$ cat structure-v2.cif   # mmCIF, C-alpha atoms
data_final
loop_
_atom_site.group_PDB
_atom_site.id
_atom_site.type_symbol
_atom_site.label_atom_id
_atom_site.label_comp_id
_atom_site.auth_asym_id
_atom_site.auth_seq_id
_atom_site.Cartn_x
_atom_site.Cartn_y
_atom_site.Cartn_z
ATOM 1 C CA MET A 10 24.300 -69.894 -6.417
ATOM 2 C CA ILE A 11 26.437 -72.436 -8.291
ATOM 3 C CA THR A 12 28.014 -71.156 -11.501
ATOM 4 C CA ILE A 13 28.269 -73.950 -14.091
ATOM 5 C CA VAL A 14 31.126 -73.033 -16.425
ATOM 6 C CA ASP A 15 30.215 -73.447 -20.087
ATOM 7 C CA TYR A 16 33.378 -73.790 -22.164
ATOM 8 C CA GLY A 17 31.668 -75.841 -24.875
ATOM 9 C CA MET A 18 31.991 -79.386 -23.476
ATOM 10 C CA GLY A 19 29.795 -80.969 -20.822
ATOM 11 C CA ASN A 20 26.380 -82.243 -19.684
ATOM 12 C CA LEU A 21 25.254 -78.740 -18.786
ATOM 13 C CA GLY A 22 21.497 -79.241 -18.938
ATOM 14 C CA SER A 23 21.418 -82.404 -16.848
ATOM 15 C CA VAL A 24 23.712 -80.862 -14.213
ATOM 16 C CA PHE A 25 21.497 -77.755 -14.040
ATOM 17 C CA ASN A 26 18.376 -79.931 -13.749
ATOM 18 C CA MET A 27 19.855 -81.985 -10.909
ATOM 19 C CA PHE A 28 20.609 -78.827 -8.924
ATOM 20 C CA LYS A 29 17.070 -77.604 -9.621
ATOM 21 C CA LYS A 30 15.658 -80.927 -8.408
ATOM 22 C CA ILE A 31 17.370 -80.558 -5.019
ATOM 23 C CA GLY A 32 16.392 -76.887 -4.706
ATOM 24 C CA VAL A 33 19.822 -75.363 -5.357
ATOM 25 C CA VAL A 34 20.015 -72.297 -7.598
ATOM 26 C CA SER A 35 22.538 -72.609 -10.414
ATOM 27 C CA LYS A 36 23.408 -70.813 -13.621
ATOM 28 C CA ILE A 37 25.065 -71.987 -16.859
ATOM 29 C CA THR A 38 27.366 -69.336 -18.293
ATOM 30 C CA SER A 39 30.389 -68.707 -20.490
ATOM 31 C CA ASP A 40 30.364 -64.982 -19.674
ATOM 32 C CA LEU A 41 33.679 -64.052 -18.078
ATOM 33 C CA GLU A 42 32.152 -61.238 -16.032
ATOM 34 C CA GLU A 43 29.579 -63.592 -14.520
ATOM 35 C CA ILE A 44 32.257 -66.170 -13.712
ATOM 36 C CA LYS A 45 34.333 -63.422 -12.039
ATOM 37 C CA PHE A 46 31.547 -62.916 -9.476
ATOM 38 C CA ALA A 47 30.888 -66.625 -8.844
ATOM 39 C CA LYS A 48 30.665 -67.857 -5.243
ATOM 40 C CA LYS A 49 30.924 -71.528 -6.251
ATOM 41 C CA LEU A 50 32.055 -73.081 -9.528
ATOM 42 C CA LEU A 51 31.218 -76.330 -11.250
ATOM 43 C CA LEU A 52 33.451 -77.495 -14.099
ATOM 44 C CA PRO A 53 31.741 -80.172 -16.202
ATOM 45 C CA GLY A 54 33.332 -82.065 -19.043
ATOM 46 C CA VAL A 55 32.705 -84.713 -21.679
ATOM 47 C CA GLY A 56 35.168 -85.439 -24.488
ATOM 48 C CA SER A 57 38.920 -85.180 -24.965
ATOM 49 C CA PHE A 58 41.374 -83.640 -22.491
ATOM 50 C CA ASP A 59 43.355 -81.624 -25.051
ATOM 51 C CA LYS A 60 40.283 -80.167 -26.759
ATOM 52 C CA ALA A 61 38.831 -79.124 -23.405
ATOM 53 C CA MET A 62 42.060 -77.459 -22.238
ATOM 54 C CA GLN A 63 42.423 -75.656 -25.576
ATOM 55 C CA LYS A 64 38.909 -74.248 -25.228
ATOM 56 C CA ILE A 65 39.557 -73.150 -21.648
ATOM 57 C CA ASN A 66 42.921 -71.585 -22.524
ATOM 58 C CA THR A 67 41.764 -69.701 -25.630
ATOM 59 C CA SER A 68 38.427 -68.447 -24.282
ATOM 60 C CA GLY A 69 39.852 -66.372 -21.433
ATOM 61 C CA ILE A 70 38.215 -68.703 -18.916
ATOM 62 C CA ARG A 71 41.599 -70.014 -17.708
ATOM 63 C CA GLU A 72 42.697 -66.666 -16.292
ATOM 64 C CA VAL A 73 39.382 -66.154 -14.527
ATOM 65 C CA LEU A 74 39.421 -69.673 -13.058
ATOM 66 C CA ASP A 75 42.971 -69.210 -11.789
ATOM 67 C CA GLN A 76 41.949 -65.977 -10.054
ATOM 68 C CA LYS A 77 38.819 -67.474 -8.502
ATOM 69 C CA VAL A 78 40.330 -70.802 -7.450
ATOM 70 C CA LEU A 79 43.937 -69.970 -6.546
ATOM 71 C CA ILE A 80 43.630 -66.388 -5.257
ATOM 72 C CA GLU A 81 40.068 -66.045 -3.983
ATOM 73 C CA GLU A 82 39.865 -69.744 -3.015
ATOM 74 C CA VAL A 83 36.296 -70.143 -4.246
ATOM 75 C CA PRO A 84 35.110 -73.784 -4.087
ATOM 76 C CA ILE A 85 35.211 -75.577 -7.439
ATOM 77 C CA LEU A 86 33.916 -79.042 -8.325
ATOM 78 C CA GLY A 87 35.105 -80.761 -11.504
ATOM 79 C CA ILE A 88 33.049 -83.736 -12.693
ATOM 80 C CA CYS A 89 34.053 -86.501 -15.119
ATOM 81 C CA LEU A 90 36.499 -84.914 -17.606
ATOM 82 C CA GLY A 91 36.212 -81.763 -15.485
ATOM 83 C CA MET A 92 37.936 -83.605 -12.630
ATOM 84 C CA GLN A 93 40.776 -84.699 -14.910
ATOM 85 C CA LEU A 94 41.245 -81.097 -16.058
ATOM 86 C CA LEU A 95 41.988 -80.115 -12.442
ATOM 87 C CA THR A 96 45.145 -82.252 -12.538
ATOM 88 C CA ASN A 97 48.592 -81.661 -14.072
ATOM 89 C CA SER A 98 48.219 -83.779 -17.202
ATOM 90 C CA SER A 99 46.562 -86.715 -18.939
ATOM 91 C CA GLU A 100 47.903 -89.631 -20.958
ATOM 92 C CA GLU A 101 45.087 -88.808 -23.377
ATOM 93 C CA GLY A 102 46.918 -85.760 -24.723
ATOM 94 C CA THR A 103 49.826 -83.360 -24.514
ATOM 95 C CA GLU A 104 48.198 -80.207 -23.102
ATOM 96 C CA LYS A 105 48.930 -79.227 -19.512
ATOM 97 C CA GLY A 106 45.985 -79.405 -17.124
ATOM 98 C CA LEU A 107 44.892 -76.668 -14.728
ATOM 99 C CA GLY A 108 47.252 -78.069 -12.102
ATOM 100 C CA TYR A 109 45.035 -77.320 -9.113
ATOM 101 C CA ILE A 110 45.665 -80.806 -7.660
ATOM 102 C CA ASN A 111 48.950 -82.717 -7.849
ATOM 103 C CA ALA A 112 47.665 -85.658 -9.866
ATOM 104 C CA SER A 113 47.475 -87.008 -13.404
ATOM 105 C CA ALA A 114 45.065 -89.013 -15.549
ATOM 106 C CA LYS A 115 46.143 -92.430 -16.809
ATOM 107 C CA LYS A 116 44.600 -94.782 -19.370
ATOM 108 C CA PHE A 117 42.911 -98.015 -18.319
ATOM 109 C CA ILE A 118 44.971 -100.849 -19.796
ATOM 110 C CA PHE A 119 43.974 -104.422 -18.973
ATOM 111 C CA GLN A 120 45.410 -107.777 -20.047
ATOM 112 C CA ASP A 121 42.101 -109.396 -19.120
ATOM 113 C CA LYS A 122 39.835 -108.974 -22.157
ATOM 114 C CA LYS A 123 36.790 -109.188 -19.886
ATOM 115 C CA MET A 124 37.675 -105.771 -18.499
ATOM 116 C CA LYS A 125 36.068 -103.399 -20.966
ATOM 117 C CA VAL A 126 37.242 -99.852 -21.644
ATOM 118 C CA PRO A 127 35.601 -97.434 -21.125
ATOM 119 C CA HIS A 128 34.573 -98.259 -17.577
ATOM 120 C CA MET A 129 30.844 -97.767 -17.971
ATOM 121 C CA GLY A 130 27.987 -98.262 -15.532
ATOM 122 C CA TRP A 131 27.314 -98.254 -11.800
ATOM 123 C CA ASN A 132 30.105 -98.881 -9.318
ATOM 124 C CA LEU A 133 30.618 -98.608 -5.579
ATOM 125 C CA VAL A 134 32.794 -95.943 -3.979
ATOM 126 C CA GLU A 135 34.651 -96.169 -0.689
ATOM 127 C CA LYS A 136 35.740 -93.252 1.492
ATOM 128 C CA SER A 137 39.500 -92.861 1.756
ATOM 129 C CA THR A 138 39.827 -89.423 3.414
ATOM 130 C CA SER A 139 37.102 -87.450 5.187
ATOM 131 C CA SER A 140 35.704 -84.492 3.258
ATOM 132 C CA LEU A 141 32.737 -82.133 3.359
ATOM 133 C CA LEU A 142 31.899 -83.376 -0.138
ATOM 134 C CA THR A 143 31.191 -86.897 1.154
ATOM 135 C CA THR A 144 29.454 -86.008 4.432
ATOM 136 C CA ASN A 145 26.681 -88.468 5.402
ATOM 137 C CA PHE A 146 27.201 -90.707 2.388
ATOM 138 C CA GLU A 147 25.411 -94.047 2.630
ATOM 139 C CA GLU A 148 27.655 -96.979 3.559
ATOM 140 C CA GLU A 149 27.262 -98.427 0.084
ATOM 141 C CA SER A 150 27.144 -95.374 -2.152
ATOM 142 C CA ARG A 151 27.341 -96.055 -5.872
ATOM 143 C CA PHE A 152 27.696 -93.776 -8.853
ATOM 144 C CA TYR A 153 27.431 -93.915 -12.617
ATOM 145 C CA PHE A 154 30.762 -93.904 -14.482
ATOM 146 C CA VAL A 155 31.756 -93.463 -18.125
ATOM 147 C CA HIS A 156 35.522 -93.025 -18.607
ATOM 148 C CA SER A 157 38.594 -94.510 -20.260
ATOM 149 C CA TYR A 158 41.088 -92.582 -18.109
ATOM 150 C CA TYR A 159 41.385 -92.547 -14.336
ATOM 151 C CA VAL A 160 43.032 -90.095 -11.931
ATOM 152 C CA GLU A 161 45.948 -90.973 -9.684
ATOM 153 C CA VAL A 162 46.857 -88.455 -6.978
ATOM 154 C CA VAL A 163 50.454 -88.008 -5.797
ATOM 155 C CA ASN A 164 49.471 -87.399 -2.161
ATOM 156 C CA GLN A 165 46.918 -89.899 -0.843
ATOM 157 C CA ALA A 166 45.549 -87.204 1.475
ATOM 158 C CA ASN A 167 44.006 -85.725 -1.708
ATOM 159 C CA SER A 168 42.006 -88.904 -2.393
ATOM 160 C CA ILE A 169 38.554 -88.802 -0.795
ATOM 161 C CA LEU A 170 36.852 -91.689 -2.632
ATOM 162 C CA LYS A 171 38.246 -94.889 -4.126
ATOM 163 C CA THR A 172 36.684 -97.204 -6.691
ATOM 164 C CA ASN A 173 37.804 -100.595 -7.943
ATOM 165 C CA TYR A 174 37.620 -101.490 -11.619
ATOM 166 C CA GLY A 175 40.411 -103.927 -12.371
ATOM 167 C CA LEU A 176 42.537 -101.660 -10.188
ATOM 168 C CA GLU A 177 41.862 -99.199 -7.411
ATOM 169 C CA PHE A 178 41.672 -95.577 -8.557
ATOM 170 C CA ASP A 179 40.816 -92.185 -7.071
ATOM 171 C CA SER A 180 37.172 -91.550 -7.944
ATOM 172 C CA ALA A 181 36.914 -88.296 -5.968
ATOM 173 C CA ILE A 182 39.686 -85.924 -4.959
ATOM 174 C CA GLN A 183 40.207 -82.733 -2.972
ATOM 175 C CA HIS A 184 42.897 -80.162 -2.301
ATOM 176 C CA LYS A 185 41.778 -77.243 -0.144
ATOM 177 C CA ASN A 186 38.869 -75.600 -2.075
ATOM 178 C CA VAL A 187 39.282 -77.837 -5.147
ATOM 179 C CA TYR A 188 37.062 -80.913 -5.501
ATOM 180 C CA GLY A 189 36.748 -83.490 -8.256
ATOM 181 C CA ALA A 190 34.476 -86.454 -8.975
ATOM 182 C CA GLN A 191 35.203 -88.908 -11.806
ATOM 183 C CA PHE A 192 31.640 -90.227 -11.975
ATOM 184 C CA HIS A 193 28.539 -88.423 -13.220
ATOM 185 C CA PRO A 194 26.599 -87.153 -10.165
ATOM 186 C CA GLU A 195 23.880 -85.855 -12.487
ATOM 187 C CA LYS A 196 23.207 -89.459 -13.625
ATOM 188 C CA SER A 197 23.568 -91.050 -10.200
ATOM 189 C CA HIS A 198 20.097 -90.489 -8.711
ATOM 190 C CA LYS A 199 19.971 -90.075 -4.900
ATOM 191 C CA PHE A 200 23.728 -90.576 -4.533
ATOM 192 C CA GLY A 201 24.462 -87.766 -6.974
ATOM 193 C CA MET A 202 21.871 -85.562 -5.309
ATOM 194 C CA LYS A 203 23.632 -86.032 -1.965
ATOM 195 C CA LEU A 204 27.018 -85.079 -3.424
ATOM 196 C CA PHE A 205 25.591 -81.960 -5.108
ATOM 197 C CA GLU A 206 23.758 -81.044 -1.903
ATOM 198 C CA ASN A 207 27.001 -81.367 0.065
ATOM 199 C CA PHE A 208 28.864 -79.201 -2.440
ATOM 200 C CA SER A 209 26.155 -76.523 -2.259
ATOM 201 C CA LYS A 210 26.770 -76.279 1.516
ATOM 202 C CA ILE A 211 30.572 -75.962 1.366
#

$ encode --input "structure-v2.cif" --output "structure tokens"
Amino acid sequence: MITIVDYGMGNLGSVFNMFKKIGVVSKITSDLEEIKFAKKLLLPGVGSFDKAMQKINTSGIREVLDQKVLIEEVPILGICLGMQLLTNSSEEGTEKGLGYINASAKKFIFQDKKMKVPHMGWNLVEKSTSSLLTTNFEEESRFYFVHSYYVEVVNQANSILKTNYGLEFDSAIQHKNVYGAQFHPEKSHKFGMKLFENFSKI
């Protein structure tokens, strides 16, 4: 069972449907008691960093997540904004992130006007560190991205996928039981299915 955390921001329905498509049972919930008993957590996210952190901090979800992730070491996967929330901070705002991975989110800034922000569309990923999340990925795996901020890890051992868009950035990250993916697996067809399948087996 994958518990999809509903804190008011995220593609909850499409994530749930992707898990259903690959035969993995999942549940969308904002109920703190249900989250307390989760065996695996998925943290979605679409929108602004500060607004998301404020919702997590004021809803009581933060305390439960800290217990599950830091003490019980339950696997958690953050996707899109959800991955950025796993880090220390973001240039998008002033709120502190969850701090589960030593990393931060930075804004895409390009001198070349041909490089559009947000980074939107399909892009290739390349393995940088082995991880259960990327087991048996195809040699040319590609995912669907929509983001104006990218994550930069402090320790390269925490980077498991790299992507190039005007610069090389960390498109998937891991620290112990904490996993993050910048792209949208739920919009990435067979590649997203493989990533969700891998996460369900961790």

$ closest_residue --input "structure-v2.cif" --among "A:Gly91, A:Gly189, A:Pro84, A:Gly69" --to "Gly56 of chain A" --atoms "all atoms listed in the file"
A:Gly91

$ closest_residue --input "structure-v2.cif" --among "A:Ala190, A:Val34, A:Ala47, A:Ile182" --to "Ala112 of chain A" --atoms "only C-alpha atoms"
A:Ile182

$ resolve_selection --input "structure-v2.cif" --expression "the PyMOL selection byres ((chain A and resi 70) around 9)" --output "list in words"
Val14, Tyr16, Ser39, Asp40, Leu41, Ile44, Lys64, Ile65, Asn66, Thr67, Ser68, Gly69, Arg71, Glu72, Val73, Leu74 and Asp75 of chain A

$ atom_distance --input "structure-v2.cif" --atom1 "atom CA of Glu149 of chain A" --atom2 "atom CA of Met129 of chain A"
18.4 Å

$ residues_near_point --input "structure-v2.cif" --point "(36.2, -82.1, -22.6)" --cutoff "10 Å" --atoms "all atoms listed in the file" --output "MDAnalysis selection string"
chainID A and resid 16:19 53:65 89:91 93:94

$ resolve_selection --input "structure-v2.cif" --expression "the PyMOL selection byres ((chain A and resi 165) around 12)" --output "ChimeraX atom specification"
/A:110-112,136-139,160-164,166-171,178-179,181-184

$ write_last_selection --input "structure-v2.cif" --atoms "C-alpha atoms" --output "PDB file, keeping the file's coordinate frame"
ATOM      1  CA  ILE A 110      45.665 -80.806  -7.660  1.00  0.00           C
ATOM      2  CA  ASN A 111      48.950 -82.717  -7.849  1.00  0.00           C
ATOM      3  CA  ALA A 112      47.665 -85.658  -9.866  1.00  0.00           C
ATOM      4  CA  LYS A 136      35.740 -93.252   1.492  1.00  0.00           C
ATOM      5  CA  SER A 137      39.500 -92.861   1.756  1.00  0.00           C
ATOM      6  CA  THR A 138      39.827 -89.423   3.414  1.00  0.00           C
ATOM      7  CA  SER A 139      37.102 -87.450   5.187  1.00  0.00           C
ATOM      8  CA  VAL A 160      43.032 -90.095 -11.931  1.00  0.00           C
ATOM      9  CA  GLU A 161      45.948 -90.973  -9.684  1.00  0.00           C
ATOM     10  CA  VAL A 162      46.857 -88.455  -6.978  1.00  0.00           C
ATOM     11  CA  VAL A 163      50.454 -88.008  -5.797  1.00  0.00           C
ATOM     12  CA  ASN A 164      49.471 -87.399  -2.161  1.00  0.00           C
ATOM     13  CA  ALA A 166      45.549 -87.204   1.475  1.00  0.00           C
ATOM     14  CA  ASN A 167      44.006 -85.725  -1.708  1.00  0.00           C
ATOM     15  CA  SER A 168      42.006 -88.904  -2.393  1.00  0.00           C
ATOM     16  CA  ILE A 169      38.554 -88.802  -0.795  1.00  0.00           C
ATOM     17  CA  LEU A 170      36.852 -91.689  -2.632  1.00  0.00           C
ATOM     18  CA  LYS A 171      38.246 -94.889  -4.126  1.00  0.00           C
ATOM     19  CA  PHE A 178      41.672 -95.577  -8.557  1.00  0.00           C
ATOM     20  CA  ASP A 179      40.816 -92.185  -7.071  1.00  0.00           C
ATOM     21  CA  ALA A 181      36.914 -88.296  -5.968  1.00  0.00           C
ATOM     22  CA  ILE A 182      39.686 -85.924  -4.959  1.00  0.00           C
ATOM     23  CA  GLN A 183      40.207 -82.733  -2.972  1.00  0.00           C
ATOM     24  CA  HIS A 184      42.897 -80.162  -2.301  1.00  0.00           C
TER      25      HIS A 184
END

$ atom_distance --input "structure-v2.cif" --atom1 "atom CA of Phe28 of chain A" --atom2 "atom CA of Gln191 of chain A"
18.0 Å

$ atom_distance --input "structure-v2.cif" --atom1 "atom CA of Glu177 of chain A" --atom2 "atom CA of Met27 of chain A"
28.2 Å

$ decode --input "structure-v2.cif" --residues "segment 148-169 of chain A" --atoms "N, CA and C atoms" --output "compact mmCIF listing (two decimals), in the first residue's frame"
# COMPACT_ATOMS: atom_id res chain seq x y z
N GLU A 148 18.05 2.02 -21.35
CA GLU A 148 19.28 2.81 -21.56
C GLU A 148 18.95 4.26 -21.87
N GLU A 149 17.90 4.48 -22.63
CA GLU A 149 17.48 5.85 -22.92
C GLU A 149 16.10 6.09 -22.32
N SER A 150 16.07 6.26 -21.03
CA SER A 150 14.81 6.55 -20.33
C SER A 150 14.54 8.05 -20.41
N ARG A 151 13.29 8.40 -20.65
CA ARG A 151 12.96 9.83 -20.72
C ARG A 151 11.67 10.08 -19.96
N PHE A 152 11.59 11.27 -19.39
CA PHE A 152 10.47 11.62 -18.53
C PHE A 152 9.93 13.00 -18.88
N TYR A 153 8.72 13.24 -18.42
CA TYR A 153 8.06 14.52 -18.70
C TYR A 153 8.30 15.49 -17.55
N PHE A 154 8.84 16.66 -17.88
CA PHE A 154 9.20 17.69 -16.90
C PHE A 154 8.34 18.94 -17.06
N VAL A 155 8.04 19.58 -15.94
CA VAL A 155 7.49 20.94 -15.93
C VAL A 155 8.01 21.60 -14.65
N HIS A 156 9.06 22.44 -14.79
CA HIS A 156 9.60 23.09 -13.57
C HIS A 156 10.47 24.29 -13.94
N SER A 157 10.46 25.26 -13.05
CA SER A 157 11.29 26.46 -13.20
C SER A 157 12.48 26.45 -12.24
N TYR A 158 12.47 25.51 -11.29
CA TYR A 158 13.53 25.38 -10.30
C TYR A 158 14.08 23.97 -10.36
N TYR A 159 15.37 23.83 -10.14
CA TYR A 159 16.01 22.52 -10.20
C TYR A 159 16.76 22.27 -8.89
N VAL A 160 16.95 21.00 -8.57
CA VAL A 160 17.61 20.64 -7.31
C VAL A 160 19.10 20.38 -7.53
N GLU A 161 19.88 20.87 -6.57
CA GLU A 161 21.33 20.63 -6.58
C GLU A 161 21.70 20.01 -5.24
N VAL A 162 22.19 18.77 -5.27
CA VAL A 162 22.58 18.10 -4.02
C VAL A 162 23.98 18.54 -3.61
N VAL A 163 24.25 18.51 -2.31
CA VAL A 163 25.58 18.85 -1.79
C VAL A 163 26.54 17.68 -2.01
N ASN A 164 26.07 16.47 -1.72
CA ASN A 164 26.87 15.26 -1.87
C ASN A 164 26.41 14.53 -3.13
N GLN A 165 27.31 14.37 -4.09
CA GLN A 165 26.93 13.74 -5.36
C GLN A 165 26.48 12.29 -5.20
N ALA A 166 26.80 11.67 -4.09
CA ALA A 166 26.31 10.31 -3.83
C ALA A 166 24.79 10.29 -3.70
N ASN A 167 24.19 11.46 -3.43
CA ASN A 167 22.73 11.56 -3.31
C ASN A 167 22.03 11.80 -4.64
N SER A 168 22.80 11.96 -5.71
CA SER A 168 22.22 12.15 -7.05
C SER A 168 22.14 10.80 -7.74
N ILE A 169 20.93 10.39 -8.13
CA ILE A 169 20.79 9.09 -8.80
C ILE A 169 20.45 9.22 -10.28
